[in-house]
Amino acid sequence: MNSVIPKPSAAGKILWAAIAIVGAWCLGVVALRRNEPINAIWLVTASMAVFLIGYRFYSRFITTRVLQMDPSRATPAVLRNDGLDYVPTDKWVVFGHHFAAIAGAGPLVGPVLAAQMGYLPGTLWILVGVVFAGAVQDFMILALSVRRDARSLGHMLRAELGEVPGVIAMVGVLVLMMIVLAVLALVVVKALTHSPWGTFTVAATIPIALLMGVYLRYIRPGRILEVSIIGLVLLLASIWYGKTVNDTPALAAMFDFDARALAWWLIGYGFFASVLPVWLLLAPRDYLSTFLKIGTIALLALAIFLAAPTLQMPAVTKFIDGTGPVFAGNLFPFLFITIACGAVSGWHSIIASGTTPKLLANEGEARMVGYGGMLMEAFVAIMALIAACSLHPGVYFAMNSPGALVGTTVEQAAQTISTWGFLVTPGELADTARNIGETSILGRAGGAPTLAVGMAQLLHGIMPGDGMMAMWYHYAILFEALFILTTVDAGTRVGRFMIQELAGMAYAPLKETSSWASNIVATLVCVGLWGYFLYQGAVDPLGGINTLWPLFGIANQMLAAIALMLATVVTVKLKRERYILVPAVPAAWLVICTLTAGWQKLFDAKISFTAAAQKYAQGIADGKLLPPAKTADEMQRIVTNNRVDMALTGLFMLLVLTMLFFSLRAIVRAWQANRPTAKEEPYVALSSVVHSTAAH
Amino acid sequence: MEAVTPAAPRSFWRWAVQTARLCCGVPDYDVYVRHLREHHPERDVPSYKQFFRERQEARYKGTGGRCC
């Protein structure tokens, strides 16, 4: 299509100028006001203005110039319409579906962890990152896939870069997935450790899901709405009854577990959930968690708009120097690793080349779904950041710092945190725990509990009531746990299929997905892989999140870098070299961030896995016990775990470098070619398919 | 443009139901039935129950799916 950009009307010009001025003003307040706390509304307004302007101008530039999306061209949904997988669908329905698929725990957790550096660094990275990297990636990959028969990222990499880089990237995806599952499961472990109320409600979701599964299959087949309402009512009842469990010592003892035991329960759960028939446990939980995820996000938005909290966290804390307790490492590169989903998430490239391209009825709608969907996700990340920063900073650090740093009693924690400059009394910490119906808030890293306390306080401010804060807290915990666990069991199943496919290359019978033996073996391997990292995190003296989140961030940004490198290669192959910077700048930025973070995790004297492994190995050699290890066995385990993490970091770096090499090679070749070499499907006019029944 | 008109929901409620079902991997049943009648009149039209079961199995078969 020859891009025809309509001339804006005078009213339009005035409107966009007004949005730009309001946005710039709010951003100025957010960035520059230092001596007094600011209200969250400034941040919300600044973000919305940035998103609107980014969407209106930058995404339009991408769609007309870089991708040259053509509304007259038939999409795969139209060409292959089968009413099942390929269905031309209303754009708002596709948008809703796409957003529900990309939104998860990631954008809620990352910004909460990054809040240790203050609200400003995280906000700026989310806003700049999403406009120039995250939304660009989602949109471009979606557009590429739409032009290639809705093929997956792996297929496109193989076709445009070559067989070898395609296979390498897929191994990277598998490893990434194992880390994602481990780190998310660890968030649940952290939230439920010694929390009978939380553990009871999460455990109750299993019988509720089984009931829903049977109902949906035999009693009222396919009535998703009905069964979801029943499930929701039962869940709310379990939250309410959870208080009784918590207050009754005999019952509370049954649901009081330490991190180690919870990790084993989750590993066992993941195994059974992915081996059982999907209709029984996996699917009903999936339905419930999908709807509750959207509901919880809506509730968070409502709470922030109605409560309009003041941000208590400073704009920038001293922890930008890399000494922070929540995650170690300097602002560069670790802020850009910590906030992955929300600013840019490689995982989205899998969804943008999955079901969504099979549903788009028109190429012109890819912009709204791809770019717009990611802007929505960034808004969720901003809200999570606000919820965390509206907490008392003392409470925030008490929840998110490892016990090894702040101690294990409220007195020790309050004292240590006060010396950091965040004055807090033991009484305040104990009160917060009592208000949310827990015995302790210490050592609840991982984002979910912090967000839950933030949400509970906001909601409690709007709807006060005796004991209601504890209800809100457990509501938030339950729903976060629910959608994380759904990711865990669905992810285990997907991982199992990937492992079967890989193993099938070596020994064919393993590929047989209907064979019980090979299913169980592959599931065990998959659960073993993420379970190893989960268990390692659960027994990690530094709390696990500290170690695993950077690995997850590096892996996720690595995948984003790969996706953006693919977009760069294709842009050159289409002979649109003049627009190469659109995907190449964010790709280069992510390559720099992942490689620097990886390098520091390998070689830095303070924060590297290598340094930790050496320190404890030296301790063993000297026959000493280094805290928090209490036995020689624990010392040895710390050494082994750090060495595994080293190997993994090295693997990720190697992967990025390999893909960079193959991408550069493809770019040079395409640049030298005198005609477009991208492997797009041929043009078919939408008008020619109108009454044809030729498809399939 | 009938054949390429997307399955447009007629009201907000229809939109919400269609989106919610699609989020669970269940596309619009009416659209599928219309598609079968138009293009494959020789095939049997499955009941909603059969359609739902087939889609439920299909959703968890391959890779892809959801985000962290």
# chains A, B, ... in the order shown; residues from 1 in each chain; ligands from 1
>>> interface_residues(of="chain A", to="chain B", cutoff="6 Å", atoms="only C-alpha atoms", output="number ranges by chain")
A: 83, 88-90, 93, 97, 101-102, 104-106, 221-222, 287, 494, 690-691
>>> write_last_selection(atoms="N, CA and C atoms", output="mmCIF file, in the first residue's frame")
data_model
loop_
_atom_site.group_PDB
_atom_site.id
_atom_site.type_symbol
_atom_site.label_atom_id
_atom_site.label_comp_id
_atom_site.auth_asym_id
_atom_site.auth_seq_id
_atom_site.Cartn_x
_atom_site.Cartn_y
_atom_site.Cartn_z
ATOM 1 N N GLY A 83 -13.289 -21.824 10.749
ATOM 2 C CA GLY A 83 -14.276 -21.699 11.817
ATOM 3 C C GLY A 83 -13.760 -22.149 13.175
ATOM 4 N N PRO A 88 -11.900 -15.193 11.034
ATOM 5 C CA PRO A 88 -11.889 -13.726 11.032
ATOM 6 C C PRO A 88 -12.792 -13.238 12.162
ATOM 7 N N THR A 89 -12.228 -12.448 13.050
ATOM 8 C CA THR A 89 -12.939 -12.111 14.275
ATOM 9 C C THR A 89 -12.934 -10.600 14.481
ATOM 10 N N ASP A 90 -13.988 -10.119 15.095
ATOM 11 C CA ASP A 90 -14.090 -8.687 15.397
ATOM 12 C C ASP A 90 -12.847 -8.200 16.133
ATOM 13 N N VAL A 93 -12.775 -8.152 19.925
ATOM 14 C CA VAL A 93 -12.688 -9.489 20.517
ATOM 15 C C VAL A 93 -11.240 -9.980 20.456
ATOM 16 N N HIS A 97 -8.834 -10.889 23.622
ATOM 17 C CA HIS A 97 -8.182 -12.196 23.692
ATOM 18 C C HIS A 97 -6.667 -12.050 23.789
ATOM 19 N N ALA A 101 -4.115 -12.972 26.934
ATOM 20 C CA ALA A 101 -3.048 -13.953 26.764
ATOM 21 C C ALA A 101 -1.689 -13.393 27.168
ATOM 22 N N ILE A 102 -1.458 -12.090 26.958
ATOM 23 C CA ILE A 102 -0.129 -11.563 27.312
ATOM 24 C C ILE A 102 -0.054 -11.106 28.763
ATOM 25 N N GLY A 104 -0.127 -11.337 32.653
ATOM 26 C CA GLY A 104 0.047 -12.413 33.615
ATOM 27 C C GLY A 104 0.657 -11.850 34.871
ATOM 28 N N ALA A 105 1.412 -12.681 35.558
ATOM 29 C CA ALA A 105 2.017 -12.229 36.806
ATOM 30 C C ALA A 105 3.234 -11.334 36.552
ATOM 31 N N GLY A 106 3.874 -11.492 35.399
ATOM 32 C CA GLY A 106 5.104 -10.764 35.100
ATOM 33 C C GLY A 106 5.018 -9.263 35.308
ATOM 34 N N PRO A 221 -22.575 -29.247 29.862
ATOM 35 C CA PRO A 221 -21.372 -29.161 29.030
ATOM 36 C C PRO A 221 -21.186 -27.785 28.396
ATOM 37 N N GLY A 222 -19.978 -27.264 28.549
ATOM 38 C CA GLY A 222 -19.616 -26.053 27.822
ATOM 39 C C GLY A 222 -20.177 -24.768 28.363
ATOM 40 N N TYR A 287 -9.959 -21.392 33.052
ATOM 41 C CA TYR A 287 -11.085 -20.478 32.834
ATOM 42 C C TYR A 287 -11.197 -19.509 34.001
ATOM 43 N N VAL A 494 2.935 -27.823 28.176
ATOM 44 C CA VAL A 494 3.584 -27.364 26.951
ATOM 45 C C VAL A 494 5.044 -27.832 26.925
ATOM 46 N N VAL A 690 -13.932 -12.691 -1.308
ATOM 47 C CA VAL A 690 -15.214 -12.412 -0.681
ATOM 48 C C VAL A 690 -16.192 -13.573 -0.774
ATOM 49 N N HIS A 691 -16.458 -14.047 -1.981
ATOM 50 C CA HIS A 691 -17.446 -15.118 -2.079
ATOM 51 C C HIS A 691 -16.825 -16.443 -2.442
#
>>> residues_around(residues="region 441-447 of chain A", least_positions_apart="3", cutoff="9 Å", atoms="only C-alpha atoms", output="PDB file with C-alpha atoms, in the first residue's frame")
ATOM      1  CA  LEU A 108       2.720  -7.250  38.346  1.00  0.00           C
ATOM      2  CA  VAL A 109       5.883  -8.667  39.904  1.00  0.00           C
ATOM      3  CA  GLY A 110       8.765  -6.950  38.075  1.00  0.00           C
ATOM      4  CA  PRO A 111       7.790  -3.327  38.839  1.00  0.00           C
ATOM      5  CA  VAL A 112       7.260  -4.202  42.511  1.00  0.00           C
ATOM      6  CA  LEU A 113      10.815  -5.528  42.767  1.00  0.00           C
ATOM      7  CA  VAL A 183      10.400 -18.305  39.414  1.00  0.00           C
ATOM      8  CA  LEU A 184       6.619 -17.962  39.290  1.00  0.00           C
ATOM      9  CA  LEU A 186       8.655 -19.508  43.867  1.00  0.00           C
ATOM     10  CA  VAL A 187       6.536 -16.353  44.096  1.00  0.00           C
ATOM     11  CA  VAL A 188       3.670 -18.564  45.284  1.00  0.00           C
ATOM     12  CA  LYS A 190       7.066 -17.034  49.190  1.00  0.00           C
ATOM     13  CA  ALA A 191       3.491 -15.843  49.541  1.00  0.00           C
ATOM     14  CA  LEU A 192       2.255 -19.007  51.279  1.00  0.00           C
ATOM     15  CA  THR A 193       5.158 -19.829  53.610  1.00  0.00           C
ATOM     16  CA  VAL A 326      15.637  -6.902  46.843  1.00  0.00           C
ATOM     17  CA  ALA A 388       4.111  -0.878  45.707  1.00  0.00           C
ATOM     18  CA  VAL A 395       7.003  -2.058  55.154  1.00  0.00           C
ATOM     19  CA  PHE A 397      11.676  -3.294  52.485  1.00  0.00           C
ATOM     20  CA  ALA A 398      10.656  -5.494  55.409  1.00  0.00           C
ATOM     21  CA  MET A 399       8.599  -7.646  53.054  1.00  0.00           C
ATOM     22  CA  ASN A 400      11.111  -7.835  50.239  1.00  0.00           C
ATOM     23  CA  SER A 401      14.499  -8.080  51.946  1.00  0.00           C
ATOM     24  CA  PRO A 402      16.009 -11.502  52.664  1.00  0.00           C
ATOM     25  CA  GLY A 403      16.165 -12.556  56.306  1.00  0.00           C
ATOM     26  CA  VAL A 406      17.439  -7.683  57.863  1.00  0.00           C
ATOM     27  CA  GLY A 407      17.078 -10.396  60.475  1.00  0.00           C
ATOM     28  CA  THR A 408      14.097 -12.550  61.334  1.00  0.00           C
ATOM     29  CA  THR A 409      12.288 -10.497  63.981  1.00  0.00           C
ATOM     30  CA  VAL A 410      10.392  -7.233  63.565  1.00  0.00           C
ATOM     31  CA  ALA A 413      14.147  -5.659  60.665  1.00  0.00           C
ATOM     32  CA  LEU A 429       5.573  -3.909  60.972  1.00  0.00           C
ATOM     33  CA  ALA A 430       3.683  -6.022  63.492  1.00  0.00           C
ATOM     34  CA  THR A 432       0.681  -4.479  59.169  1.00  0.00           C
ATOM     35  CA  ALA A 433       1.002  -8.234  59.651  1.00  0.00           C
ATOM     36  CA  GLU A 438      -0.706 -12.990  58.968  1.00  0.00           C
ATOM     37  CA  THR A 450       3.706  -6.658  48.411  1.00  0.00           C
ATOM     38  CA  LEU A 451       1.183  -5.980  45.695  1.00  0.00           C
ATOM     39  CA  ALA A 452      -1.488  -7.709  47.766  1.00  0.00           C
ATOM     40  CA  GLY A 543      15.461 -16.002  49.539  1.00  0.00           C
ATOM     41  CA  GLY A 544      15.664 -17.313  45.985  1.00  0.00           C
ATOM     42  CA  ILE A 545      13.967 -14.410  44.218  1.00  0.00           C
ATOM     43  CA  ASN A 546      17.230 -12.538  44.572  1.00  0.00           C
ATOM     44  CA  TRP A 549      14.593 -13.197  39.085  1.00  0.00           C
TER      45      TRP A 549
END
>>> closest_residue(among="A:Pro165, A:Gly364, A:Pro449, A:Gly23", to="Asp70 (chain A)", atoms="only C-alpha atoms")
A:Gly364
